[in-house]
Each structure stands twice: as structure tokens, then as C-alpha cells.
file data_17.txt (compact mmCIF, C-alpha atoms)
# COMPACT_ATOMS: atom_id res chain seq x y z
CA GLU A 1 104.44 78.51 229.20
CA GLU A 2 103.02 77.99 232.68
CA SER A 3 106.28 76.36 233.73
CA SER A 4 108.25 79.33 232.40
CA ALA A 5 106.06 81.69 234.39
CA GLU A 6 106.54 79.58 237.52
CA ILE A 7 110.31 79.58 237.12
CA GLY A 8 110.23 83.33 236.52
CA LYS A 9 108.31 83.73 239.77
CA ALA A 10 110.79 81.47 241.55
CA PHE A 11 113.65 83.59 240.24
CA ILE A 12 112.05 86.84 241.41
CA LEU A 13 111.25 85.26 244.77
CA ALA A 14 114.87 84.07 245.12
CA VAL A 15 116.20 87.58 244.45
CA VAL A 16 113.69 89.26 246.78
CA LEU A 17 114.30 86.78 249.61
CA THR A 18 118.05 87.11 249.15
CA TYR A 19 117.78 90.89 249.38
CA MET A 20 115.54 90.75 252.45
CA LEU A 21 117.81 88.28 254.23
CA LEU A 22 120.88 90.38 253.47
CA ALA A 23 119.13 93.56 254.60
CA ALA A 24 118.30 91.90 257.91
CA ILE A 25 121.80 90.49 258.38
CA LEU A 26 123.61 93.70 257.39
CA ASN A 27 121.09 95.94 259.18
CA SER A 28 120.93 98.15 256.09
CA PHE A 29 118.74 98.46 253.03
CA LEU A 30 121.57 99.98 250.95
CA TYR A 31 124.41 97.48 251.46
CA PRO A 32 122.58 94.50 249.93
CA ILE A 33 122.13 96.45 246.70
CA ALA A 34 125.78 95.80 245.83
CA ILE A 35 125.36 92.10 246.49
CA VAL A 36 122.12 91.79 244.52
CA PHE A 37 123.78 93.81 241.74
CA SER A 38 126.20 90.91 241.32
CA ILE A 39 123.26 88.74 240.26
CA ALA A 40 122.29 91.12 237.47
CA ILE A 41 125.80 91.48 236.12
CA SER A 42 126.38 87.73 236.12
CA PHE A 43 123.69 87.55 233.42
CA VAL A 44 126.20 89.04 230.99
CA GLY A 45 128.03 85.73 231.19
CA VAL A 46 124.80 83.74 231.05
CA PHE A 47 123.60 85.34 227.84
CA ALA A 48 127.07 85.28 226.29
CA MET A 49 127.39 81.58 226.98
CA LEU A 50 123.92 80.83 225.60
CA PHE A 51 124.77 82.85 222.49
CA PHE A 52 128.08 81.06 221.92
CA GLN A 53 126.39 77.69 222.47
CA GLY A 54 123.70 78.62 219.97
CA MET A 55 121.04 77.88 222.57
CA SER A 56 117.95 79.75 223.63
CA MET A 57 116.59 80.51 227.07
CA ASP A 58 114.76 77.26 227.81
CA MET A 59 113.35 75.81 231.03
CA MET A 60 116.66 74.36 232.18
CA ALA A 61 118.48 77.61 231.50
CA MET A 62 115.91 79.40 233.64
CA MET A 63 116.38 76.84 236.41
CA GLY A 64 120.11 77.39 236.15
CA MET A 65 119.55 81.12 236.61
CA VAL A 66 117.58 80.47 239.80
CA MET A 67 120.46 78.32 241.09
CA LEU A 68 122.92 80.97 240.01
CA VAL A 69 121.36 83.49 242.41
CA GLY A 70 122.68 81.62 245.45
CA ILE A 71 126.08 80.90 243.95
CA VAL A 72 126.85 84.38 242.64
CA VAL A 73 125.73 86.09 245.83
CA ASN A 74 128.28 84.09 247.81
CA ASN A 75 131.19 85.64 245.91
CA ALA A 76 130.02 89.17 246.67
CA ILE A 77 129.29 88.31 250.31
CA LEU A 78 132.82 87.00 250.81
CA VAL A 79 134.36 90.25 249.61
CA LEU A 80 131.93 92.66 251.24
CA ASP A 81 131.77 90.86 254.59
CA TYR A 82 135.53 91.19 254.93
CA ALA A 83 135.34 94.86 253.95
CA LEU A 84 132.59 95.48 256.51
CA ILE A 85 134.70 93.90 259.25
CA LYS A 86 137.59 96.18 258.31
CA MET A 87 135.27 99.21 258.26
CA LYS A 88 134.17 98.35 261.81
CA GLU A 89 137.85 98.42 262.75
CA GLY A 90 138.00 102.01 261.50
CA ILE A 91 139.58 101.45 258.10
CA PRO A 92 138.23 103.82 255.41
CA VAL A 93 135.75 102.38 252.91
CA LYS A 94 138.05 102.34 249.87
CA GLU A 95 140.89 100.70 251.78
CA ALA A 96 138.50 98.18 253.36
CA LEU A 97 137.14 97.27 249.93
CA TRP A 98 140.65 96.90 248.51
CA GLN A 99 141.56 94.60 251.39
CA GLY A 100 138.36 92.61 250.88
CA VAL A 101 139.13 92.13 247.20
CA SER A 102 142.79 91.25 247.72
CA VAL A 103 142.28 88.93 250.70
CA LYS A 104 139.24 87.09 249.32
CA PHE A 105 140.45 86.87 245.71
CA LYS A 106 141.87 83.38 246.09
CA ALA A 107 138.80 82.02 247.92
CA VAL A 108 136.37 83.40 245.33
CA LEU A 109 138.53 82.21 242.45
CA MET A 110 138.97 78.69 243.85
CA THR A 111 135.29 78.14 244.68
CA SER A 112 134.22 79.50 241.31
CA ILE A 113 136.69 77.30 239.44
CA ALA A 114 135.45 74.29 241.42
CA ILE A 115 131.87 75.04 240.36
CA VAL A 116 132.87 75.50 236.72
CA LEU A 117 134.90 72.28 236.68
CA GLY A 118 132.04 70.44 238.37
CA VAL A 119 129.52 71.27 235.64
CA LEU A 120 131.94 71.40 232.71
CA PRO A 121 131.46 67.74 231.68
CA GLN A 122 127.73 68.36 231.26
CA LEU A 123 128.49 71.13 228.79
CA PHE A 124 129.92 68.57 226.37
CA THR A 125 127.10 66.07 226.61
CA LEU A 126 124.66 65.40 223.80
CA VAL A 127 121.68 65.94 226.10
CA PRO A 128 120.36 69.46 225.36
CA TYR A 129 118.94 70.25 228.80
CA LYS A 130 122.26 69.39 230.47
CA LYS A 131 124.10 71.66 228.05
CA SER A 132 121.67 74.45 228.76
CA ILE A 133 121.87 74.40 232.56
CA SER A 134 125.64 73.87 232.59
CA GLY A 135 126.18 76.68 230.09
CA VAL A 136 124.17 79.06 232.25
CA MET A 137 126.09 78.03 235.36
CA ILE A 138 129.50 78.31 233.72
CA GLY A 139 128.79 81.63 232.01
CA GLY A 140 127.26 83.15 235.13
CA VAL A 141 130.01 82.00 237.47
CA LEU A 142 132.81 83.12 235.14
CA ALA A 143 131.21 86.54 234.74
CA SER A 144 130.71 86.67 238.49
CA ILE A 145 134.44 86.22 239.11
CA LEU A 146 135.28 89.24 236.99
CA PHE A 147 132.43 91.46 238.06
CA THR A 148 132.67 90.64 241.77
CA PHE A 149 136.08 92.25 241.84
CA LEU A 150 135.33 95.13 239.49
CA PHE A 151 131.77 96.35 239.92
CA VAL A 152 130.55 95.10 243.30
CA PRO A 153 133.08 97.18 245.28
CA VAL A 154 132.18 100.25 243.22
CA VAL A 155 128.45 99.77 243.82
CA PHE A 156 129.09 99.16 247.52
CA TRP A 157 131.26 102.27 247.77
CA ALA A 158 128.51 104.28 246.07
CA SER A 159 125.90 102.89 248.47
CA VAL A 160 128.06 103.92 251.44
CA ARG A 161 128.37 107.41 249.96
CA ILE A 162 124.59 107.59 249.47
CA ARG A 163 124.06 106.37 253.01
CA ASP A 164 126.45 108.97 254.42
CA LYS A 165 124.88 111.78 252.40
CA PHE A 166 121.18 111.05 252.81
CA PHE A 167 121.07 108.88 255.96
CA PRO A 168 123.92 110.09 258.15
CA GLY A 169 122.57 108.36 261.27
CA GLU A 170 122.40 104.90 259.69
CA LYS A 171 125.67 103.06 260.01
CA GLY A 172 124.37 99.59 259.22
CA HIS A 173 126.76 96.76 259.92
CA ALA A 174 129.84 98.92 259.41

call {"tool": "encode", "arguments": {"input": "data_17.txt", "output": "C-alpha cells"}}
result
Amino acid sequence: EESSAEIGKAFILAVVLTYMLLAAILNSFLYPIAIVFSIAISFVGVFAMLFFQGMSMDMMAMMGMVMLVGIVVNNAILVLDYALIKMKEGIPVKEALWQGVSVKFKAVLMTSIAIVLGVLPQLFTLVPYKKSISGVMIGGVLASILFTFLFVPVVFWASVRIRDKFFPGEKGHA
């Protein structure tokens, strides 16, 4: 149980440090919310995969979730960084997000497929801890592909609207 608590702390620390780093890089406390949101929604895939495998949340699954933080965030960063560049060029938010999604689709898809194919053999092993961590990685990454293109742009667009309404002087990285 102590190990579970330690991994839980590591997970929370990973999310908090990721948020703080993104806030510093993007010069905004609102923009990273969309990126960190991608972590939460990737858990849909994690729990679905554990359910379909008939496995529970064990130590290795928790370690996989800590690793998943860094992987899933990269997909959202690819899309939103491109959108932020386009916003700096004067393109409206919705159009910039659409361009980010359409231009970075192939890169996100290819890197995600590479990750899934890399851990897929471990999913079919007889060693339970390998199945657990690979199932978490595969489920989280597959969910991340879908949700990065559906929900992350919506959350980012909403954060820009909130910023414009309540903090009109803050322009962040855009």
C-alpha cells in the first residue's frame, strides 16, 4: 500500500510539474489547462483497456499511468503549439486550431501508432505485470489520439474565450 501511495504521489507530481512547465513556456495559466485535460481524458482508454483485459489497477498499471502523462501531453502540445504559432500570425483561434489539427494529424497518428506497436507484444505475454503496463499504455495512447483531435481544441478554444473575457490584457504566447 505504501508503494501505491508513492506512485500516486509521483503521478500527481508529474501532472503538477507538467502544468507548471507548460504555464512557464506558454506564459499563461489558462492555455496549459487544455494540454493537462488530455491526460484526464486519456484515462477513458486506460480504464477501458483494463476492463477488457479483466485486470485491476495494480502497481504496474499505476506506473504506466505516470509514464502516460509525458506521452499524452506530447500529442496535445504538437497540435496546440502549431495553433499558437498561427494565432501569432493573426489567424483567428478557430481557424488556427483547425490548421493545428489538420497539419499535425499525421505526426500525432504516426508517433502514437509507433508507441502502440512498440508495447503491443508485451500485451500478449503471460507475465501479468507486462500485460498491465502495456494495456495502460495502449489504451491511454489510443484514447489520446481520438481525444487530442476532438476535445483538446475545444478546451483550448474555451480557455482563450475565458482569457479574453476575464483577462483581456493577458495574451499569453498567442

call {"tool": "residues_around", "arguments": {"input": "data_17.txt", "residues": "Gln122 (chain A)", "least_positions_apart": "3", "cutoff": "9 Å", "atoms": "all atoms listed in the file", "output": "ChimeraX atom specification"}}
result
/A:118-119,125-127,130-135

call {"tool": "residues_around", "arguments": {"input": "data_17.txt", "residues": "Ser38 (chain A)", "least_positions_apart": "6", "cutoff": "12 Å", "atoms": "all atoms listed in the file", "output": "PyMOL selection string"}}
result
chain A and resi 15+18-19+32+44-45+68-77+79-80+140-156

call {"tool": "atom_distance", "arguments": {"input": "data_17.txt", "atom1": "CA of Lys9 (chain A)", "atom2": "CA of Val108 (chain A)"}}
result
28.6 Å

call {"tool": "closest_residue", "arguments": {"input": "data_17.txt", "among": "A:Met137, A:Leu84, A:Met63, A:Ile41", "to": "Ile113 (chain A)", "atoms": "all atoms listed in the file"}}
result
A:Met137

call {"tool": "atom_distance", "arguments": {"input": "data_17.txt", "atom1": "CA of Trp157 (chain A)", "atom2": "CA of Tyr31 (chain A)"}}
result
9.1 Å
